[in-house]
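Peer 1: Just passing along the structure, written as structure tokens.
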Amino acid sequence: MTVELKSNDFVALADIALRNPDLQRAVGAGTRGGYHKRAQAMYAHSAEHGEFLRQQAAEAKRRALRKLPDLLELAERNLQANGWGVAWAEDAAQANQQLVAIARRHGVETVTKSKSMLSEELGVNHALEAAGLHVIETDLGEYIIQLNKETPSHIVAPVMHKTKAEIRDIFVRELGMPPTDDAEAMVAFARKMLRQDFLSADMGVSGGNFIIAETGSLGLVMNEGNGRLCTTSPRVHVALVGIEKLVETVEDYTALTQVLPRSATGQSLTVYTNILNGPARDEEADGPEHCYVIFVDNGRSQVYATDYAEALACIRCGACQNACPVYRSTGGHAYGWVYGGPIGAVLTPLLVGLENAKPLPHASSLCGSCKQVCPVDIDLPRMLLDLRHEQAQAGAAADGWALGMKFWAIGMTSPRRYALGGRAARAGQALLGDYLPAPLGNWTDYRDFPKFAPKPFRQLWQERAAAKRRGQP
Amino acid sequence: MALPERESPIGKPVSLFVTCIVDMIYPGTGMSVVDILEHVGVTVDFPPAQTCCGQPAFNSGYRAEARAVAQHFFRAFQDAAVIVTPSGSCATMLRHEYPALFRPEEGALYKEAQRIAAITWEFSEFLVEGLGIVNLELQLPQRESFALHDACHGLRGLGLGGAARALLTQLGNADLQELNECEVCCGFGGLFSIKMAEISNAMLQNKVLNIETCPADTIVTGDVSCLTQMNGGLSRQKSAKRVKHLADVLAQGLPRRAP
């Protein structure tokens, strides 16, 4: 299913999620589990070692971003030298056209897909199906999502929002699985179904965690082995890769593969950590005959030209989602596009336009957990503040807050006006009682508000000073 | 986070930035701060022109308004040698955001922002890291158990957390426990609690649940804004537990406050 842009409905979507007990249980457990596993894996040796790994990875990505135009050219040359076909797509429509053209060129009927958030951005499944191709998601989570006609809600755990019982019901309903509560049995059942698809597929579509520019290689990390089957068993392999996925050297790649699994799943290494170097050579018995990389822009070069370029360093580990108390409360679908959580609150406005994602920069208490866990140290709270500033400047948030802030600043720039405001607040509270008027009433809907003190500190201080002058203690 | 090299505040008089919320709602907490600082021999002054640090405007994106309030702050604290504030959040505003709100081309304003950032200390940080005092030689009148809620800005903005724990560990008759998810946000977030009230409340309910199941009698934190959110939720849920500011807990151990 292609994701529909609904980010302006964040508050309403979040309310729905907050009232869904299954989602609350599933996301609450999933995010907390991921958060603790990350901390254990990242800091297994010592806090200093974990910090070193983060800074090393951050430096590798930042350098790659600084050199991005050159690295893209270098990567293209080296990929081609390894036998990869390289294509460039400015947007989703171009990427899908190129993908369909490759499929047609090689007489493809069935496509297996491994997990790729970029493909969600592009609506690849829809485009391939519209071209008459049979598409099967092979990542277990994505497979469930596809069966249930949903979109992923988390970057690494697409079906995090569902409980085991809900997943069982989907398998029973869609695939006729004999009912069971045993997760192992459910996985075994899905594996059996998927195995037939792997054998019949003509083309495999993957994403790409990294492109190593100096060697012309594709780096893929995965746990289920489906990615390997998608990239090596079919005749044709196409990797959809965002232009920001470049790294310069193999050393950089190793720096990043140390933090990606630790941050994503709490593993020091994923079960499969592959470097792919193009189609099977003449002397090799198996492997794909044709390999392609489609480099996709889809708004990234515009972000690259702004102060938010650092957001392109993201390696899609999902750690900020697991750490974010907002995401923990709402899950990913509330964010209304492909990426949920703090990185989604930043990337969505940047990629689809701030006017199409107005609430997202405010979907944060600015607690800073996202930055703390980010394996490449992206300053997400800073970017949220900058986006809010852009909105305030553009008058986009002209919903009474702008005027309120003006009056507030007038009050706060003079001690007399400030003291007057304090007296007014005390008097107002005496009149209104325990429930505040809108929009402040949103506070007292859920919490009691304390009483203003009869005497502010400044008055107590003056009285104390006067008493001291009179020689009292 | 890299902070500028800081001069030792030892031996210098302290200008108290009490914060607007403490001033208007929790003046007793301000007095506790003064009492503790005087207890360790520090001279305290209260610059009377002070208002707010400007954080509500800054966090909402209204930087012109935040700059105006910051410039008022500069005037109010122009004579300060050291600024101490009982809020990790306001301290973060002064330390991290003021320098970024003014550009080097602005000359005097930029310099003043840098100066304010360099002389500002959060209360627990001032005692432990500034003065190097961990043991305040205080004893509570009776045994009480505490657990810390690490307020976000102090913890992740200033790298605190250890200071408050160290002070409580040395407080006589205080028994320090752990609060589950003590590093997770309470859901306040300033205007977030109003703009995204339902989500803020969900975060609060999670915090209330953790406080309810915490073995400690009292939760301690370093920010009255978070305290207001948590106590607002605890009170609405008819919980007997409450959150106190670190300064108020420490001040309970002052000799003349003992019953």
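Lettering and numbering for the structure tokens are positional, with chains as A, B, ... in the shown order, residues counted from 1 in each chain, and ligands counted from 1 in the shown order.
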Do you know which residues are at most 10 Å from stretch 150-153 of chain B counting only C-alpha atoms, after dropping those on the same chain fewer than 2 positions away, and could you put them as a PyMOL selection string?

Peer 2: (chain A and resi 365-369) or (chain B and resi 87-93+147-148+155-162+164-165+179+181-186+189+220-227)

Peer 1: How would the residues just picked look written out with N, CA and C atoms as a short mmCIF file (atom, residue, chain, number, x, y, z; two decimals), in the first residue's frame?

Peer 2:
data_model
loop_
_atom_site.label_atom_id
_atom_site.label_comp_id
_atom_site.auth_asym_id
_atom_site.auth_seq_id
_atom_site.Cartn_x
_atom_site.Cartn_y
_atom_site.Cartn_z
N SER A 365 8.79 17.14 23.16
CA SER A 365 8.96 17.94 24.38
C SER A 365 10.39 18.48 24.46
N LEU A 366 11.17 18.24 23.41
CA LEU A 366 12.58 18.67 23.37
C LEU A 366 13.39 18.04 24.51
N CYS A 367 13.08 16.76 24.79
CA CYS A 367 13.75 16.12 25.93
C CYS A 367 15.18 15.74 25.59
N GLY A 368 15.50 15.66 24.30
CA GLY A 368 16.89 15.42 23.90
C GLY A 368 17.30 13.96 23.80
N SER A 369 16.38 13.02 24.09
CA SER A 369 16.75 11.60 24.03
C SER A 369 17.17 11.19 22.62
N SER B 87 17.20 25.67 38.15
CA SER B 87 16.49 25.05 37.02
C SER B 87 17.49 24.64 35.95
N GLY B 88 17.52 23.35 35.65
CA GLY B 88 18.38 22.87 34.58
C GLY B 88 17.93 23.39 33.23
N SER B 89 16.63 23.60 33.12
CA SER B 89 16.07 24.03 31.86
C SER B 89 16.44 25.49 31.56
N CYS B 90 16.24 26.37 32.55
CA CYS B 90 16.60 27.78 32.34
C CYS B 90 18.12 27.92 32.20
N ALA B 91 18.87 27.11 32.96
CA ALA B 91 20.32 27.16 32.84
C ALA B 91 20.75 26.76 31.43
N THR B 92 20.08 25.77 30.84
CA THR B 92 20.39 25.36 29.47
C THR B 92 20.11 26.51 28.50
N MET B 93 19.01 27.21 28.74
CA MET B 93 18.68 28.37 27.89
C MET B 93 19.81 29.40 27.95
N ALA B 147 13.90 9.39 45.53
CA ALA B 147 14.39 8.91 44.24
C ALA B 147 14.41 10.09 43.30
N LEU B 148 15.37 10.12 42.41
CA LEU B 148 15.52 11.26 41.51
C LEU B 148 14.79 11.05 40.19
N LEU B 155 19.82 16.93 32.52
CA LEU B 155 20.52 15.68 32.24
C LEU B 155 21.22 15.71 30.90
N ARG B 156 20.47 16.05 29.83
CA ARG B 156 21.04 15.95 28.48
C ARG B 156 21.56 17.27 27.94
N GLY B 157 21.05 18.38 28.49
CA GLY B 157 21.54 19.68 28.04
C GLY B 157 22.82 20.08 28.76
N LEU B 158 22.90 19.75 30.05
CA LEU B 158 24.05 20.18 30.84
C LEU B 158 24.90 19.00 31.31
N GLY B 159 24.46 17.78 31.06
CA GLY B 159 25.23 16.62 31.50
C GLY B 159 25.21 16.45 33.01
N LEU B 160 24.11 16.90 33.65
CA LEU B 160 24.01 16.73 35.11
C LEU B 160 23.49 15.33 35.43
N GLY B 161 23.00 15.17 36.61
CA GLY B 161 22.48 13.86 37.02
C GLY B 161 23.28 13.37 38.20
N GLY B 162 24.60 13.38 38.02
CA GLY B 162 25.48 12.92 39.09
C GLY B 162 25.47 13.86 40.29
N ALA B 164 23.13 15.92 41.67
CA ALA B 164 22.01 15.81 42.61
C ALA B 164 22.09 14.50 43.39
N ARG B 165 22.47 13.42 42.71
CA ARG B 165 22.60 12.13 43.39
C ARG B 165 23.66 12.19 44.48
N LEU B 179 14.18 5.48 40.69
CA LEU B 179 12.89 5.61 40.01
C LEU B 179 13.02 4.98 38.63
N GLU B 181 12.71 4.37 34.85
CA GLU B 181 12.67 5.34 33.75
C GLU B 181 12.89 6.77 34.25
N CYS B 182 13.83 6.92 35.19
CA CYS B 182 14.08 8.25 35.78
C CYS B 182 14.61 9.23 34.74
N GLU B 183 15.11 8.74 33.60
CA GLU B 183 15.68 9.63 32.59
C GLU B 183 14.67 9.96 31.48
N VAL B 184 13.45 9.43 31.61
CA VAL B 184 12.46 9.66 30.56
C VAL B 184 11.63 10.90 30.89
N CYS B 185 11.37 11.69 29.88
CA CYS B 185 10.65 12.96 30.02
C CYS B 185 9.28 12.76 30.69
N CYS B 186 8.89 13.72 31.53
CA CYS B 186 7.59 13.68 32.22
C CYS B 186 6.46 14.15 31.32
N GLY B 189 7.54 19.81 28.70
CA GLY B 189 7.95 20.40 27.42
C GLY B 189 7.38 21.77 27.14
N VAL B 220 12.53 13.53 43.79
CA VAL B 220 13.29 14.77 43.81
C VAL B 220 13.68 15.13 42.39
N THR B 221 13.57 16.41 42.05
CA THR B 221 14.00 16.83 40.73
C THR B 221 14.59 18.24 40.80
N GLY B 222 15.19 18.67 39.72
CA GLY B 222 15.89 19.95 39.72
C GLY B 222 15.19 21.04 38.93
N ASP B 223 13.96 20.78 38.51
CA ASP B 223 13.24 21.76 37.72
C ASP B 223 11.81 21.87 38.20
N VAL B 224 11.38 23.09 38.55
CA VAL B 224 10.01 23.22 39.06
C VAL B 224 8.97 23.08 37.97
N SER B 225 9.37 23.27 36.70
CA SER B 225 8.38 23.11 35.63
C SER B 225 7.98 21.64 35.51
N CYS B 226 8.99 20.74 35.53
CA CYS B 226 8.69 19.31 35.48
C CYS B 226 7.93 18.91 36.74
N LEU B 227 8.34 19.50 37.86
CA LEU B 227 7.70 19.22 39.15
C LEU B 227 6.21 19.60 39.09
#

Peer 1: For A:Lys164, list every protein, DNA or RNA residue within 9 Å, evaluated using only C-alpha atoms, and leave out those in the same chain fewer than 2 positions away; present the list as a ChimeraX atom specification.

Peer 2: /A:26,162,166-169,181,183

Peer 1: Sorted by chain and rising residue number, list the residues of chain B at most 6 Å from chain A (counting only C-alpha atoms), each with its closest atom pair and distance in Å to one decimal, as CSV.

Peer 2:
residue,atom,partner,partner_atom,distance
B:Asp23,CA,A:Phe457,CA,4.6
B:Met24,CA,A:Pro456,CA,4.8
B:Ile25,CA,A:Phe452,CA,4.5
B:Pro27,CA,A:Phe457,CA,4.4
B:Ala49,CA,A:Pro415,CA,5.2
B:Thr51,CA,A:Met412,CA,5.7
B:Gly61,CA,A:His389,CA,3.6
B:Tyr62,CA,A:Ala392,CA,5.9
B:Glu65,CA,A:Ala409,CA,5.5
B:Val69,CA,A:Thr413,CA,5.4
B:His72,CA,A:Thr413,CA,5.3
B:Cys152,CA,A:Cys367,CA,5.1
B:Gly189,CA,A:Ser365,CA,4.0
B:Phe192,CA,A:Ser365,CA,5.8
B:Ile194,CA,A:Asn442,CA,5.4
B:Ala197,CA,A:Asn442,CA,5.8
B:Gly232,CA,A:Asp448,CA,4.3
B:Gly233,CA,A:Arg447,CA,4.7
B:Arg236,CA,A:Arg447,CA,5.6

Peer 1: Any idea what's packed within 7 Å of A:Ala357, counting only C-alpha atoms, ignoring anything in its chain fewer than 2 positions away? Could you give it as an MDAnalysis selection string?

Peer 2: chainID A and resid 7:8 348:349 353:355 359:360

Peer 1: Need to verify the contact set: A:Cys374, 12 Å, only C-alpha atoms, exclusion of same-chain residues closer than 6 positions in sequence. Can you return it as a PyMOL selection string?

Peer 2: chain A and resi 35+38-39+42+50-51+53-55+57-58+259-260+262-264+311+313-324+342-343+368+380-381

Peer 1: Name the residues of stretch 96-222 of chain B that come out as strand (DSSP E) in a backbone DSSP run; write them as a JSON list (two decimals) with C-alpha atoms, in the first residue's frame.

Peer 2:
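Once everything was written out, this is out_20.json:
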[["chain", "number", "residue", "atom", "x", "y", "z"],
["B", 120, "THR", "CA", 25.80, 30.54, 34.79],
["B", 121, "TRP", "CA", 25.46, 27.42, 36.94],
["B", 122, "GLU", "CA", 22.54, 25.19, 37.72],
["B", 139, "GLN", "CA", 20.79, 15.98, 58.35],
["B", 140, "LEU", "CA", 17.07, 15.50, 57.90],
["B", 141, "PRO", "CA", 15.02, 15.56, 61.12],
["B", 142, "GLN", "CA", 13.75, 12.07, 60.35],
["B", 143, "ARG", "CA", 14.50, 9.25, 57.97],
["B", 144, "GLU", "CA", 12.98, 9.68, 54.50],
["B", 145, "SER", "CA", 13.49, 7.89, 51.20],
["B", 146, "PHE", "CA", 14.00, 9.69, 47.93],
["B", 147, "ALA", "CA", 14.39, 8.91, 44.24],
["B", 148, "LEU", "CA", 15.52, 11.26, 41.51],
["B", 172, "GLY", "CA", 21.91, 12.61, 56.61],
["B", 173, "ASN", "CA", 18.84, 10.41, 57.14],
["B", 174, "ALA", "CA", 18.15, 10.34, 53.40],
["B", 175, "ASP", "CA", 17.75, 6.95, 51.78],
["B", 176, "LEU", "CA", 18.27, 7.05, 48.00],
["B", 177, "GLN", "CA", 16.19, 4.74, 45.80],
["B", 218, "THR", "CA", 9.41, 11.46, 47.72],
["B", 219, "ILE", "CA", 10.62, 12.11, 44.18],
["B", 220, "VAL", "CA", 13.29, 14.77, 43.81],
["B", 221, "THR", "CA", 14.00, 16.83, 40.73]]

Peer 1: Could you pull out the residues in stretch 5-247 of chain B that DSSP calls alpha helix (DSSP H) from the backbone, as number ranges by chain?

Peer 2: B: 20-24, 27-39, 55-59, 63-76, 88-92, 98-101, 108-119, 123-125, 152, 162-169, 192-195, 197-212, 224-236, 246-247

Peer 1: Pick out the residues sitting within 10 Å of stretch 149-158 of chain A, and hand them over as a count of residues only; count only C-alpha atoms, and ignore anything fewer than 5 positions along from it in its own chain.

Peer 2: 40

Peer 1: For B:Ala66, find every residue with an atom within 6 Å (counting only C-alpha atoms), except residues of its own chain fewer than 4 positions away, and show them as a CSV table (one decimal) with C-alpha atoms, in the first residue's frame.

Peer 2:
chain,number,residue,atom,x,y,z
B,54,GLY,CA,12.9,33.8,27.4
B,57,ALA,CA,9.3,32.1,23.2
B,58,PHE,CA,12.6,30.5,22.0
